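Data file: query-v8.pdb. Format and content: PDB, C-alpha atoms.
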```
ATOM      1  CA  MET A   1     140.085  87.645  48.029
ATOM      2  CA  GLN A   2     136.584  87.922  49.471
ATOM      3  CA  ASP A   3     133.350  87.205  47.658
ATOM      4  CA  LEU A   4     131.165  90.273  47.207
ATOM      5  CA  ASN A   5     128.052  88.148  46.934
ATOM      6  CA  TYR A   6     126.465  89.161  50.216
ATOM      7  CA  ASN A   7     122.885  88.660  51.312
ATOM      8  CA  GLU A   8     120.679  89.985  54.067
ATOM      9  CA  SER A   9     121.798  87.627  56.811
ATOM     10  CA  LYS A  10     125.559  87.695  56.334
ATOM     11  CA  GLN A  11     127.668  89.376  59.022
ATOM     12  CA  ARG A  12     130.340  91.774  57.772
ATOM     13  CA  GLY A  13     133.998  91.456  58.765
ATOM     14  CA  THR A  14     134.452  89.559  62.023
ATOM     15  CA  SER A  15     132.160  89.274  65.032
ATOM     16  CA  ASP A  16     134.347  91.680  67.021
ATOM     17  CA  PHE A  17     134.878  94.196  64.207
ATOM     18  CA  PRO A  18     132.010  94.024  61.668
ATOM     19  CA  ILE A  19     133.460  95.897  58.691
ATOM     20  CA  ASP A  20     134.779  94.728  55.294
ATOM     21  CA  TYR A  21     136.872  96.585  52.729
ATOM     22  CA  TYR A  22     137.278  95.761  49.016
ATOM     23  CA  TYR A  23     139.338  97.297  46.227
ATOM     24  CA  ILE A  24     137.692  96.503  42.896
ATOM     25  CA  ASP A  25     139.302  96.719  39.485
ATOM     26  CA  ARG A  26     138.742  94.933  36.186
ATOM     27  CA  MET A  27     140.465  91.730  37.361
ATOM     28  CA  HIS A  28     138.222  91.299  40.401
ATOM     29  CA  PRO A  29     135.700  88.417  39.983
ATOM     30  CA  ARG A  30     132.870  90.785  40.933
ATOM     31  CA  TYR A  31     134.005  93.706  38.779
ATOM     32  CA  GLU A  32     130.475  93.838  37.381
ATOM     33  CA  MET A  33     128.437  93.965  40.587
ATOM     34  CA  PRO A  34     125.687  91.328  40.837
ATOM     35  CA  PHE A  35     122.379  92.409  42.338
ATOM     36  CA  HIS A  36     122.336  91.805  46.075
ATOM     37  CA  TRP A  37     121.361  93.292  49.433
ATOM     38  CA  HIS A  38     122.583  93.003  53.018
ATOM     39  CA  ILE A  39     121.875  94.070  56.588
ATOM     40  CA  GLY A  40     124.954  96.299  56.611
ATOM     41  CA  TYR A  41     125.486  99.770  55.176
ATOM     42  CA  GLU A  42     127.777 100.326  52.201
ATOM     43  CA  LEU A  43     130.031 103.104  50.952
ATOM     44  CA  LEU A  44     131.381 103.165  47.402
ATOM     45  CA  TYR A  45     133.992 105.600  46.128
ATOM     46  CA  ILE A  46     134.734 105.807  42.402
ATOM     47  CA  ARG A  47     138.481 106.288  41.916
ATOM     48  CA  LYS A  48     138.365 106.099  38.135
ATOM     49  CA  GLY A  49     135.866 105.707  35.320
ATOM     50  CA  LYS A  50     132.098 105.414  35.580
ATOM     51  CA  PHE A  51     129.677 103.073  37.319
ATOM     52  CA  LEU A  52     125.981 102.726  36.443
ATOM     53  CA  ILE A  53     124.369 101.533  39.668
ATOM     54  CA  SER A  54     120.759 100.558  40.350
ATOM     55  CA  LEU A  55     119.318 101.162  43.832
ATOM     56  CA  ASN A  56     115.893  99.544  44.251
ATOM     57  CA  GLY A  57     115.350 100.050  40.528
ATOM     58  CA  GLU A  58     116.535 103.691  40.356
ATOM     59  CA  GLN A  59     119.628 104.107  38.178
ATOM     60  CA  HIS A  60     122.444 106.515  39.044
ATOM     61  CA  LEU A  61     125.587 107.219  37.022
ATOM     62  CA  LEU A  62     128.560 107.444  39.379
ATOM     63  CA  GLU A  63     131.554 109.251  37.921
ATOM     64  CA  THR A  64     135.151 109.681  39.095
ATOM     65  CA  GLY A  65     135.238 111.116  42.615
ATOM     66  CA  THR A  66     131.598 110.280  43.427
ATOM     67  CA  ILE A  67     130.529 108.700  46.725
ATOM     68  CA  CYS A  68     127.556 106.333  46.892
ATOM     69  CA  PHE A  69     125.877 105.506  50.214
ATOM     70  CA  ILE A  70     123.676 102.392  50.279
ATOM     71  CA  MET A  71     121.216 101.813  53.111
ATOM     72  CA  ASP A  72     120.545  98.433  54.664
ATOM     73  CA  GLY A  73     118.196  96.183  52.677
ATOM     74  CA  VAL A  74     118.490  98.158  49.429
ATOM     75  CA  LEU A  75     118.677  95.934  46.349
ATOM     76  CA  HIS A  76     121.646  97.095  44.302
ATOM     77  CA  GLY A  77     123.905  96.080  41.452
ATOM     78  CA  GLY A  78     125.758  97.802  38.684
ATOM     79  CA  ILE A  79     127.821  97.920  35.532
ATOM     80  CA  PRO A  80     131.278  99.563  35.594
ATOM     81  CA  GLU A  81     132.894 101.288  32.633
ATOM     82  CA  ASP A  82     136.710 101.259  32.803
ATOM     83  CA  CYS A  83     136.181 101.650  36.540
ATOM     84  CA  VAL A  84     138.219 101.277  39.727
ATOM     85  CA  TYR A  85     136.394 101.702  43.022
ATOM     86  CA  ASP A  86     136.590 101.125  46.778
ATOM     87  CA  CYS A  87     133.829  99.488  48.790
ATOM     88  CA  VAL A  88     133.275  99.396  52.557
ATOM     89  CA  VAL A  89     130.428  97.400  54.124
ATOM     90  CA  PHE A  90     129.834  97.861  57.860
ATOM     91  CA  ASN A  91     127.426  97.274  60.709
ATOM     92  CA  MET A  92     126.070 100.559  62.086
ATOM     93  CA  GLU A  93     126.132  99.120  65.620
ATOM     94  CA  LEU A  94     129.905  99.495  65.410
ATOM     95  CA  LEU A  95     129.491 103.283  65.672
ATOM     96  CA  ARG A  96     126.661 103.678  68.160
ATOM     97  CA  HIS A  97     126.832 104.939  71.758
ATOM     98  CA  ARG A  98     123.269 104.173  72.761
ATOM     99  CA  ASN A  99     123.224 106.026  76.084
ATOM    100  CA  PHE A 100     124.732 109.269  74.821
ATOM    101  CA  GLN A 101     123.535 112.325  72.914
ATOM    102  CA  ASP A 102     125.758 111.564  69.904
ATOM    103  CA  ASP A 103     123.723 108.441  69.078
ATOM    104  CA  ILE A 104     120.524 110.307  68.172
ATOM    105  CA  PHE A 105     121.412 110.930  64.511
ATOM    106  CA  LEU A 106     122.645 107.375  63.918
ATOM    107  CA  GLN A 107     119.560 106.030  65.698
ATOM    108  CA  ARG A 108     117.279 107.891  63.291
ATOM    109  CA  ILE A 109     119.160 106.368  60.323
ATOM    110  CA  VAL A 110     118.995 102.841  61.754
ATOM    111  CA  HIS A 111     115.251 103.215  62.439
ATOM    112  CA  HIS A 112     114.686 104.516  58.872
ATOM    113  CA  GLN A 113     113.505 107.908  60.054
ATOM    114  CA  LEU A 114     116.273 109.572  58.006
ATOM    115  CA  TYR A 115     117.909 108.481  54.741
ATOM    116  CA  VAL A 116     121.408 109.543  53.729
ATOM    117  CA  LEU A 117     121.494 110.836  50.151
ATOM    118  CA  PRO A 118     122.488 107.867  47.979
ATOM    119  CA  VAL A 119     124.821 109.853  45.700
ATOM    120  CA  LEU A 120     127.233 112.503  46.981
ATOM    121  CA  SER A 121     129.224 114.521  44.454
ATOM    122  CA  ARG A 122     131.477 117.559  44.382
ATOM    123  CA  ASP A 123     128.694 119.735  42.949
ATOM    124  CA  GLN A 124     126.291 119.202  45.843
ATOM    125  CA  VAL A 125     128.503 118.887  48.928
ATOM    126  CA  PRO A 126     130.331 121.846  50.531
ATOM    127  CA  ASP A 127     133.902 120.962  51.537
ATOM    128  CA  TYR A 128     133.688 117.809  49.414
ATOM    129  CA  THR A 129     137.469 117.434  49.374
ATOM    130  CA  GLU A 130     137.447 116.922  53.140
ATOM    131  CA  LEU A 131     134.901 114.133  52.750
ATOM    132  CA  THR A 132     136.858 112.289  50.057
ATOM    133  CA  GLN A 133     140.162 112.668  51.908
ATOM    134  CA  LEU A 134     138.482 111.188  54.952
ATOM    135  CA  LEU A 135     137.393 108.131  52.959
ATOM    136  CA  MET A 136     140.830 107.683  51.383
ATOM    137  CA  ARG A 137     142.293 107.582  54.892
ATOM    138  CA  LEU A 138     139.671 104.997  55.884
ATOM    139  CA  PHE A 139     140.490 102.777  52.890
ATOM    140  CA  SER A 140     144.221 102.930  53.658
ATOM    141  CA  ILE A 141     143.647 102.002  57.308
ATOM    142  CA  LEU A 142     141.388  99.064  56.463
ATOM    143  CA  LYS A 143     143.811  97.824  53.816
ATOM    144  CA  ASN A 144     146.944  97.949  55.997
ATOM    145  CA  ARG A 145     145.283  96.955  59.322
ATOM    146  CA  LYS A 146     148.073  98.157  61.600
ATOM    147  CA  LYS A 147     147.767  97.964  65.371
ATOM    148  CA  GLY A 148     144.899 100.173  66.562
ATOM    149  CA  TYR A 149     143.230 100.335  63.133
ATOM    150  CA  GLN A 150     139.826  99.431  64.609
ATOM    151  CA  LEU A 151     139.648 102.600  66.726
ATOM    152  CA  TYR A 152     140.963 104.738  63.880
ATOM    153  CA  ALA A 153     138.474 103.320  61.342
ATOM    154  CA  THR A 154     135.544 103.682  63.738
ATOM    155  CA  GLY A 155     136.498 107.292  64.442
ATOM    156  CA  ILE A 156     136.670 108.133  60.748
ATOM    157  CA  LEU A 157     133.224 106.623  60.093
ATOM    158  CA  ARG A 158     131.754 108.616  62.991
ATOM    159  CA  TYR A 159     133.400 111.740  61.570
ATOM    160  CA  PHE A 160     131.868 110.910  58.180
ATOM    161  CA  PHE A 161     128.366 110.815  59.682
ATOM    162  CA  SER A 162     129.004 114.041  61.593
ATOM    163  CA  ILE A 163     129.593 115.751  58.227
ATOM    164  CA  ILE A 164     126.422 114.141  56.824
ATOM    165  CA  GLU A 165     124.457 115.574  59.757
ATOM    166  CA  ASN A 166     126.148 118.988  59.727
ATOM    167  CA  LYS A 167     125.695 119.521  55.975
ATOM    168  CA  GLU A 168     122.173 118.000  56.082
ATOM    169  CA  LEU A 169     122.965 115.424  53.409
ATOM    170  CA  TYR A 170     119.858 113.387  54.184
ATOM    171  CA  VAL A 171     116.093 113.338  53.677
ATOM    172  CA  SER A 172     113.174 112.069  55.716
ATOM    173  CA  ASP A 173     111.449 110.234  52.839
ATOM    174  CA  SER A 174     112.449 106.736  51.783
ATOM    175  CA  PHE A 175     114.053 106.050  48.396
ATOM    176  CA  THR A 176     111.553 103.365  47.416
ATOM    177  CA  GLY A 177     112.753 102.972  43.839
ATOM    178  CA  THR A 178     110.900 102.659  40.565
ATOM    179  CA  TYR A 179     108.981  99.494  41.376
ATOM    180  CA  GLY A 180     108.237  99.940  45.076
ATOM    181  CA  PHE A 181     108.750  97.630  48.012
ATOM    182  CA  ARG A 182     106.591  94.711  46.844
ATOM    183  CA  ARG A 183     108.242  94.277  43.433
ATOM    184  CA  THR A 184     111.715  94.668  44.945
ATOM    185  CA  GLU A 185     110.942  91.885  47.415
ATOM    186  CA  GLN A 186     109.723  89.655  44.583
ATOM    187  CA  LEU A 187     112.971  90.177  42.711
ATOM    188  CA  LYS A 188     114.921  89.447  45.898
ATOM    189  CA  ALA A 189     113.141  86.084  46.139
ATOM    190  CA  ALA A 190     114.319  85.117  42.648
ATOM    191  CA  LEU A 191     117.858  86.342  43.354
ATOM    192  CA  ASP A 192     117.881  84.346  46.574
ATOM    193  CA  MET A 193     117.053  81.206  44.592
ATOM    194  CA  ILE A 194     119.974  81.937  42.246
ATOM    195  CA  GLU A 195     122.234  82.512  45.260
ATOM    196  CA  THR A 196     121.377  79.218  46.930
ATOM    197  CA  SER A 197     120.787  76.966  43.917
ATOM    198  CA  TYR A 198     123.042  78.223  41.095
ATOM    199  CA  GLN A 199     124.859  74.839  41.086
ATOM    200  CA  ASN A 200     121.636  73.117  40.073
ATOM    201  CA  THR A 201     119.504  73.229  36.926
ATOM    202  CA  LEU A 202     117.268  76.313  37.109
ATOM    203  CA  SER A 203     114.626  77.303  34.566
ATOM    204  CA  LEU A 204     112.753  80.521  33.909
ATOM    205  CA  GLU A 205     109.688  78.838  35.393
ATOM    206  CA  ASP A 206     111.585  78.037  38.629
ATOM    207  CA  LEU A 207     112.675  81.642  39.055
ATOM    208  CA  SER A 208     109.325  83.198  38.163
ATOM    209  CA  LYS A 209     107.588  80.839  40.598
ATOM    210  CA  ALA A 210     109.941  81.947  43.379
ATOM    211  CA  ALA A 211     108.985  85.555  42.618
ATOM    212  CA  GLY A 212     105.276  84.716  42.513
ATOM    213  CA  LEU A 213     104.846  86.033  38.962
ATOM    214  CA  SER A 214     103.994  84.625  35.560
ATOM    215  CA  ALA A 215     107.051  83.662  33.503
ATOM    216  CA  LYS A 216     106.290  86.269  30.819
ATOM    217  CA  TYR A 217     105.806  89.195  33.197
ATOM    218  CA  PHE A 218     108.706  88.130  35.401
ATOM    219  CA  CYS A 219     111.075  88.047  32.421
ATOM    220  CA  GLN A 220     110.049  91.566  31.351
ATOM    221  CA  PHE A 221     110.237  92.923  34.890
ATOM    222  CA  PHE A 222     113.587  91.269  35.616
ATOM    223  CA  ARG A 223     115.161  92.660  32.449
ATOM    224  CA  LYS A 224     113.930  96.194  33.117
ATOM    225  CA  LEU A 225     115.489  96.145  36.577
ATOM    226  CA  THR A 226     118.768  94.332  35.923
ATOM    227  CA  GLY A 227     119.421  94.875  32.210
ATOM    228  CA  LYS A 228     119.616  91.097  31.682
ATOM    229  CA  THR A 229     117.141  88.289  31.126
ATOM    230  CA  PRO A 230     116.819  85.919  34.106
ATOM    231  CA  ILE A 231     118.832  83.177  32.363
ATOM    232  CA  ASP A 232     121.519  85.626  31.223
ATOM    233  CA  TYR A 233     121.785  86.853  34.801
ATOM    234  CA  LEU A 234     121.990  83.286  36.116
ATOM    235  CA  ASN A 235     124.909  82.587  33.781
ATOM    236  CA  PHE A 236     126.569  85.877  34.761
ATOM    237  CA  PHE A 237     126.237  84.924  38.430
ATOM    238  CA  ARG A 238     127.658  81.455  37.802
ATOM    239  CA  ILE A 239     130.672  82.906  35.991
ATOM    240  CA  GLY A 240     131.337  85.162  38.987
ATOM    241  CA  LYS A 241     131.359  82.107  41.241
ATOM    242  CA  ALA A 242     133.649  80.310  38.791
ATOM    243  CA  CYS A 243     136.103  83.225  38.913
ATOM    244  CA  PHE A 244     136.382  82.947  42.677
ATOM    245  CA  GLN A 245     136.981  79.208  42.454
ATOM    246  CA  ILE A 246     139.643  79.737  39.785
ATOM    247  CA  ALA A 247     141.369  82.440  41.834
ATOM    248  CA  GLU A 248     141.266  80.700  45.208
ATOM    249  CA  GLY A 249     141.296  76.947  44.504
ATOM    250  CA  ASP A 250     143.148  74.323  42.546
ATOM    251  CA  ASP A 251     140.245  72.419  40.981
ATOM    252  CA  SER A 252     140.320  71.748  37.260
ATOM    253  CA  LEU A 253     138.347  74.059  34.977
ATOM    254  CA  LEU A 254     136.058  71.159  34.111
ATOM    255  CA  ASP A 255     135.269  70.550  37.788
ATOM    256  CA  ILE A 256     134.713  74.258  38.367
ATOM    257  CA  SER A 257     132.300  74.463  35.450
ATOM    258  CA  LEU A 258     130.308  71.550  36.873
ATOM    259  CA  ASN A 259     130.396  73.035  40.392
ATOM    260  CA  CYS A 260     128.905  76.238  39.007
ATOM    261  CA  GLY A 261     125.977  74.626  37.226
ATOM    262  CA  PHE A 262     127.351  74.203  33.683
ATOM    263  CA  THR A 263     126.794  70.699  32.327
ATOM    264  CA  ASP A 264     128.379  71.522  28.946
ATOM    265  CA  TYR A 265     132.064  72.518  29.191
ATOM    266  CA  SER A 266     132.139  74.121  25.736
ATOM    267  CA  TYR A 267     129.151  76.263  26.692
ATOM    268  CA  PHE A 268     130.930  77.260  29.925
ATOM    269  CA  ILE A 269     133.922  78.492  27.904
ATOM    270  CA  ARG A 270     131.677  80.543  25.581
ATOM    271  CA  VAL A 271     129.768  82.132  28.449
ATOM    272  CA  PHE A 272     132.985  82.828  30.365
ATOM    273  CA  LYS A 273     134.467  84.666  27.367
ATOM    274  CA  LYS A 274     131.226  86.631  26.984
ATOM    275  CA  TYR A 275     131.389  88.051  30.500
ATOM    276  CA  LYS A 276     135.125  88.212  31.208
ATOM    277  CA  GLY A 277     136.536  88.887  27.741
ATOM    278  CA  VAL A 278     139.092  86.063  28.041
ATOM    279  CA  SER A 279     138.991  82.277  28.202
ATOM    280  CA  PRO A 280     138.854  80.542  31.609
ATOM    281  CA  ARG A 281     142.411  79.291  31.091
ATOM    282  CA  LYS A 282     143.774  82.765  30.373
ATOM    283  CA  TYR A 283     141.915  84.086  33.409
ATOM    284  CA  MET A 284     143.440  81.321  35.542
ATOM    285  CA  LEU A 285     146.964  82.096  34.302
ATOM    286  CA  SER A 286     146.447  85.788  35.011
ATOM    287  CA  CYS A 287     145.309  85.038  38.579
ATOM    288  CA  ARG A 288     148.338  82.848  39.233
ATOM    289  CA  LYS A 289     150.651  85.489  37.808
ATOM    290  CA  ASP A 290     149.195  88.156  40.100
ATOM    291  CA  ASN A 291     149.587  85.865  43.108
TER     292      ASN A 291
END
```

Translate this structure into structure tokens?
Amino acid sequence: MQDLNYNESKQRGTSDFPIDYYYIDRMHPRYEMPFHWHIGYELLYIRKGKFLISLNGEQHLLETGTICFIMDGVLHGGIPEDCVYDCVVFNMELLRHRNFQDDIFLQRIVHHQLYVLPVLSRDQVPDYTELTQLLMRLFSILKNRKKGYQLYATGILRYFFSIIENKELYVSDSFTGTYGFRRTEQLKAALDMIETSYQNTLSLEDLSKAAGLSAKYFCQFFRKLTGKTPIDYLNFFRIGKACFQIAEGDDSLLDISLNCGFTDYSYFIRVFKKYKGVSPRKYMLSCRKDN
């Protein structure tokens, strides 16, 4: 199981094939997507249910059968509702043929001269079934990874972008979001502190200082963008990390709680139940049963 907590500098997949695939259901540690960003591009496909996603502060409700395309550097996170979805994160350089005519469209996307529409649905896309069938084939290939899957997956992604170009599913203006570039970067600074220091004691003052804002304004701004207070979000993030440690390691629950920044074990149990709906022990037993 891979951690979906990516940041701007993390390479996707392997150095020779930079693409990652995830299948996310309720039991996945990152079922509720934490806010993050990365240098890669991301495709989400909603198999079932609904997903309320925020892209640079703009909220979009993704329903069954909807595709979401996320550009590089976009701050995003979301809340699923009885949802199952696929996620592919990839490096655009994987698809480019720099010295040939077919690279022009991809080049304009990489240089932020064009922006793929962030939400693609059946109502707005001609031949939408072809697009979704294409993605289902991609997910199957990346999941099974049979010999030659790299060429097959790369071809499907190039085909995907050929449809985007042909149907003109893009705009020339940036999706800057509700709060604009500056505020998004300030929030990223606070999220980066949570990412790197969640094991340590962090206060509202620490996070607001990282963002360069007063504690009062930062708390209001953070809640408007994420739906959580900074401290609630910190605890949510820590529980996500704890889930990965429970699923992949053999440390005791007490050690895991300490590793994730909880100094009070009883409090860890309460917060875990709040976000996962079960106790840490029941979650651990469920993970072992699935494995």

Using the chain letters and residue numbers of this document, give as a PyMOL selection string the residues selected by the PyMOL selection byres ((chain A and resi 161-175) around 10).
chain A and resi 55-58+71+74+95+102+105-106+108-109+112-120+124-128+130-131+156-160+176-178+180-181

Using the chain letters and residue numbers of this document, give as an NGL selection string the residues selected by the PyMOL selection byres ((chain A and resi 33) around 12).
:A and (3-6 or 24-26 or 28-32 or 34-37 or 44 or 51-54 or 75-81 or 83 or 85 or 87 or 226 or 233 or 236-237 or 240)

For this file, the PyMOL selection byres ((chain A and resi 261) around 6) selects which residues, as a PyMOL selection string?
chain A and resi 199-200+258-260+262

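Shortest atom-to-atom contact with A:Glu63 among A:Gln245, A:Ile39, A:Tyr21, A:Asp123: A:Asp123, counting only C-alpha atoms.
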
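Considering the residues A:Ile231, A:Ala189, A:Ile67, A:Leu213 and counting all atoms listed in the file, A:Thr129 has its shortest atom-to-atom contact with A:Ile67.
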
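The space separating atom CA of A:Val84 from atom CA of A:Lys241 comes to 20.4 Å.
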
Residues within 12 Å of A:Ser208, please, as a ChimeraX atom specification. Count all atoms listed in the file; anything in the same chain fewer than 2 positions from it doesn't count.
/A:186-191,193-194,202-206,210-222,229-231

Could the residues in this selection be saved with C-alpha atoms as a PDB file, keeping the file's coordinate frame?
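Final output, out17.pdb:
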```pdb
ATOM      1  CA  GLN A 186     109.723  89.655  44.583  1.00  0.00           C
ATOM      2  CA  LEU A 187     112.971  90.177  42.711  1.00  0.00           C
ATOM      3  CA  LYS A 188     114.921  89.447  45.898  1.00  0.00           C
ATOM      4  CA  ALA A 189     113.141  86.084  46.139  1.00  0.00           C
ATOM      5  CA  ALA A 190     114.319  85.117  42.648  1.00  0.00           C
ATOM      6  CA  LEU A 191     117.858  86.342  43.354  1.00  0.00           C
ATOM      7  CA  MET A 193     117.053  81.206  44.592  1.00  0.00           C
ATOM      8  CA  ILE A 194     119.974  81.937  42.246  1.00  0.00           C
ATOM      9  CA  LEU A 202     117.268  76.313  37.109  1.00  0.00           C
ATOM     10  CA  SER A 203     114.626  77.303  34.566  1.00  0.00           C
ATOM     11  CA  LEU A 204     112.753  80.521  33.909  1.00  0.00           C
ATOM     12  CA  GLU A 205     109.688  78.838  35.393  1.00  0.00           C
ATOM     13  CA  ASP A 206     111.585  78.037  38.629  1.00  0.00           C
ATOM     14  CA  ALA A 210     109.941  81.947  43.379  1.00  0.00           C
ATOM     15  CA  ALA A 211     108.985  85.555  42.618  1.00  0.00           C
ATOM     16  CA  GLY A 212     105.276  84.716  42.513  1.00  0.00           C
ATOM     17  CA  LEU A 213     104.846  86.033  38.962  1.00  0.00           C
ATOM     18  CA  SER A 214     103.994  84.625  35.560  1.00  0.00           C
ATOM     19  CA  ALA A 215     107.051  83.662  33.503  1.00  0.00           C
ATOM     20  CA  LYS A 216     106.290  86.269  30.819  1.00  0.00           C
ATOM     21  CA  TYR A 217     105.806  89.195  33.197  1.00  0.00           C
ATOM     22  CA  PHE A 218     108.706  88.130  35.401  1.00  0.00           C
ATOM     23  CA  CYS A 219     111.075  88.047  32.421  1.00  0.00           C
ATOM     24  CA  GLN A 220     110.049  91.566  31.351  1.00  0.00           C
ATOM     25  CA  PHE A 221     110.237  92.923  34.890  1.00  0.00           C
ATOM     26  CA  PHE A 222     113.587  91.269  35.616  1.00  0.00           C
ATOM     27  CA  THR A 229     117.141  88.289  31.126  1.00  0.00           C
ATOM     28  CA  PRO A 230     116.819  85.919  34.106  1.00  0.00           C
ATOM     29  CA  ILE A 231     118.832  83.177  32.363  1.00  0.00           C
TER      30      ILE A 231
END
```

Would you mind writing stretch 77-84 of chain A with all heavy atoms, as a PDB file, keeping the file's coordinate frame?
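Below is the file rebuild-v3.pdb, written as the result:
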```
ATOM      1  N   GLY A  77     122.973  96.739  42.350  1.00  0.00           N
ATOM      2  CA  GLY A  77     123.905  96.080  41.452  1.00  0.00           C
ATOM      3  C   GLY A  77     124.286  97.085  40.395  1.00  0.00           C
ATOM      4  O   GLY A  77     123.639  98.124  40.258  1.00  0.00           O
ATOM      5  N   GLY A  78     125.359  96.789  39.642  1.00  0.00           N
ATOM      6  CA  GLY A  78     125.758  97.802  38.684  1.00  0.00           C
ATOM      7  C   GLY A  78     126.759  97.337  37.649  1.00  0.00           C
ATOM      8  O   GLY A  78     127.346  96.261  37.760  1.00  0.00           O
ATOM      9  N   ILE A  79     126.940  98.201  36.660  1.00  0.00           N
ATOM     10  CA  ILE A  79     127.821  97.920  35.532  1.00  0.00           C
ATOM     11  C   ILE A  79     128.916  98.986  35.476  1.00  0.00           C
ATOM     12  O   ILE A  79     128.623 100.168  35.279  1.00  0.00           O
ATOM     13  CB  ILE A  79     127.027  97.915  34.215  1.00  0.00           C
ATOM     14  CG1 ILE A  79     125.890  96.884  34.281  1.00  0.00           C
ATOM     15  CG2 ILE A  79     127.952  97.627  33.032  1.00  0.00           C
ATOM     16  CD1 ILE A  79     124.939  96.948  33.106  1.00  0.00           C
ATOM     17  N   PRO A  80     130.181  98.602  35.661  1.00  0.00           N
ATOM     18  CA  PRO A  80     131.278  99.563  35.594  1.00  0.00           C
ATOM     19  C   PRO A  80     131.718  99.815  34.153  1.00  0.00           C
ATOM     20  O   PRO A  80     131.504  98.982  33.272  1.00  0.00           O
ATOM     21  CB  PRO A  80     132.387  98.866  36.389  1.00  0.00           C
ATOM     22  CG  PRO A  80     132.118  97.411  36.167  1.00  0.00           C
ATOM     23  CD  PRO A  80     130.623  97.256  36.024  1.00  0.00           C
ATOM     24  N   GLU A  81     132.326 100.960  33.934  1.00  0.00           N
ATOM     25  CA  GLU A  81     132.894 101.288  32.633  1.00  0.00           C
ATOM     26  C   GLU A  81     134.312 101.798  32.860  1.00  0.00           C
ATOM     27  O   GLU A  81     134.502 102.931  33.314  1.00  0.00           O
ATOM     28  CB  GLU A  81     132.048 102.352  31.927  1.00  0.00           C
ATOM     29  CG  GLU A  81     132.569 102.735  30.541  1.00  0.00           C
ATOM     30  CD  GLU A  81     131.739 103.818  29.878  1.00  0.00           C
ATOM     31  OE1 GLU A  81     130.535 103.918  30.198  1.00  0.00           O
ATOM     32  OE2 GLU A  81     132.300 104.571  29.065  1.00  0.00           O
ATOM     33  N   ASP A  82     135.306 100.920  32.573  1.00  0.00           N
ATOM     34  CA  ASP A  82     136.710 101.259  32.803  1.00  0.00           C
ATOM     35  C   ASP A  82     136.871 101.844  34.205  1.00  0.00           C
ATOM     36  O   ASP A  82     137.450 102.918  34.402  1.00  0.00           O
ATOM     37  CB  ASP A  82     137.196 102.257  31.751  1.00  0.00           C
ATOM     38  CG  ASP A  82     138.720 102.433  31.778  1.00  0.00           C
ATOM     39  OD1 ASP A  82     139.407 101.496  32.224  1.00  0.00           O
ATOM     40  OD2 ASP A  82     139.202 103.505  31.376  1.00  0.00           O
ATOM     41  N   CYS A  83     136.362 101.113  35.194  1.00  0.00           N
ATOM     42  CA  CYS A  83     136.181 101.650  36.540  1.00  0.00           C
ATOM     43  C   CYS A  83     137.092 100.970  37.564  1.00  0.00           C
ATOM     44  O   CYS A  83     137.366  99.770  37.477  1.00  0.00           O
ATOM     45  CB  CYS A  83     134.717 101.476  36.941  1.00  0.00           C
ATOM     46  SG  CYS A  83     134.274 102.277  38.489  1.00  0.00           S
ATOM     47  N   VAL A  84     137.543 101.773  38.530  1.00  0.00           N
ATOM     48  CA  VAL A  84     138.219 101.277  39.727  1.00  0.00           C
ATOM     49  C   VAL A  84     137.512 101.920  40.909  1.00  0.00           C
ATOM     50  O   VAL A  84     137.299 103.137  40.915  1.00  0.00           O
ATOM     51  CB  VAL A  84     139.722 101.645  39.738  1.00  0.00           C
ATOM     52  CG1 VAL A  84     140.364 101.197  41.045  1.00  0.00           C
ATOM     53  CG2 VAL A  84     140.439 101.017  38.550  1.00  0.00           C
TER      54      VAL A  84
END
```
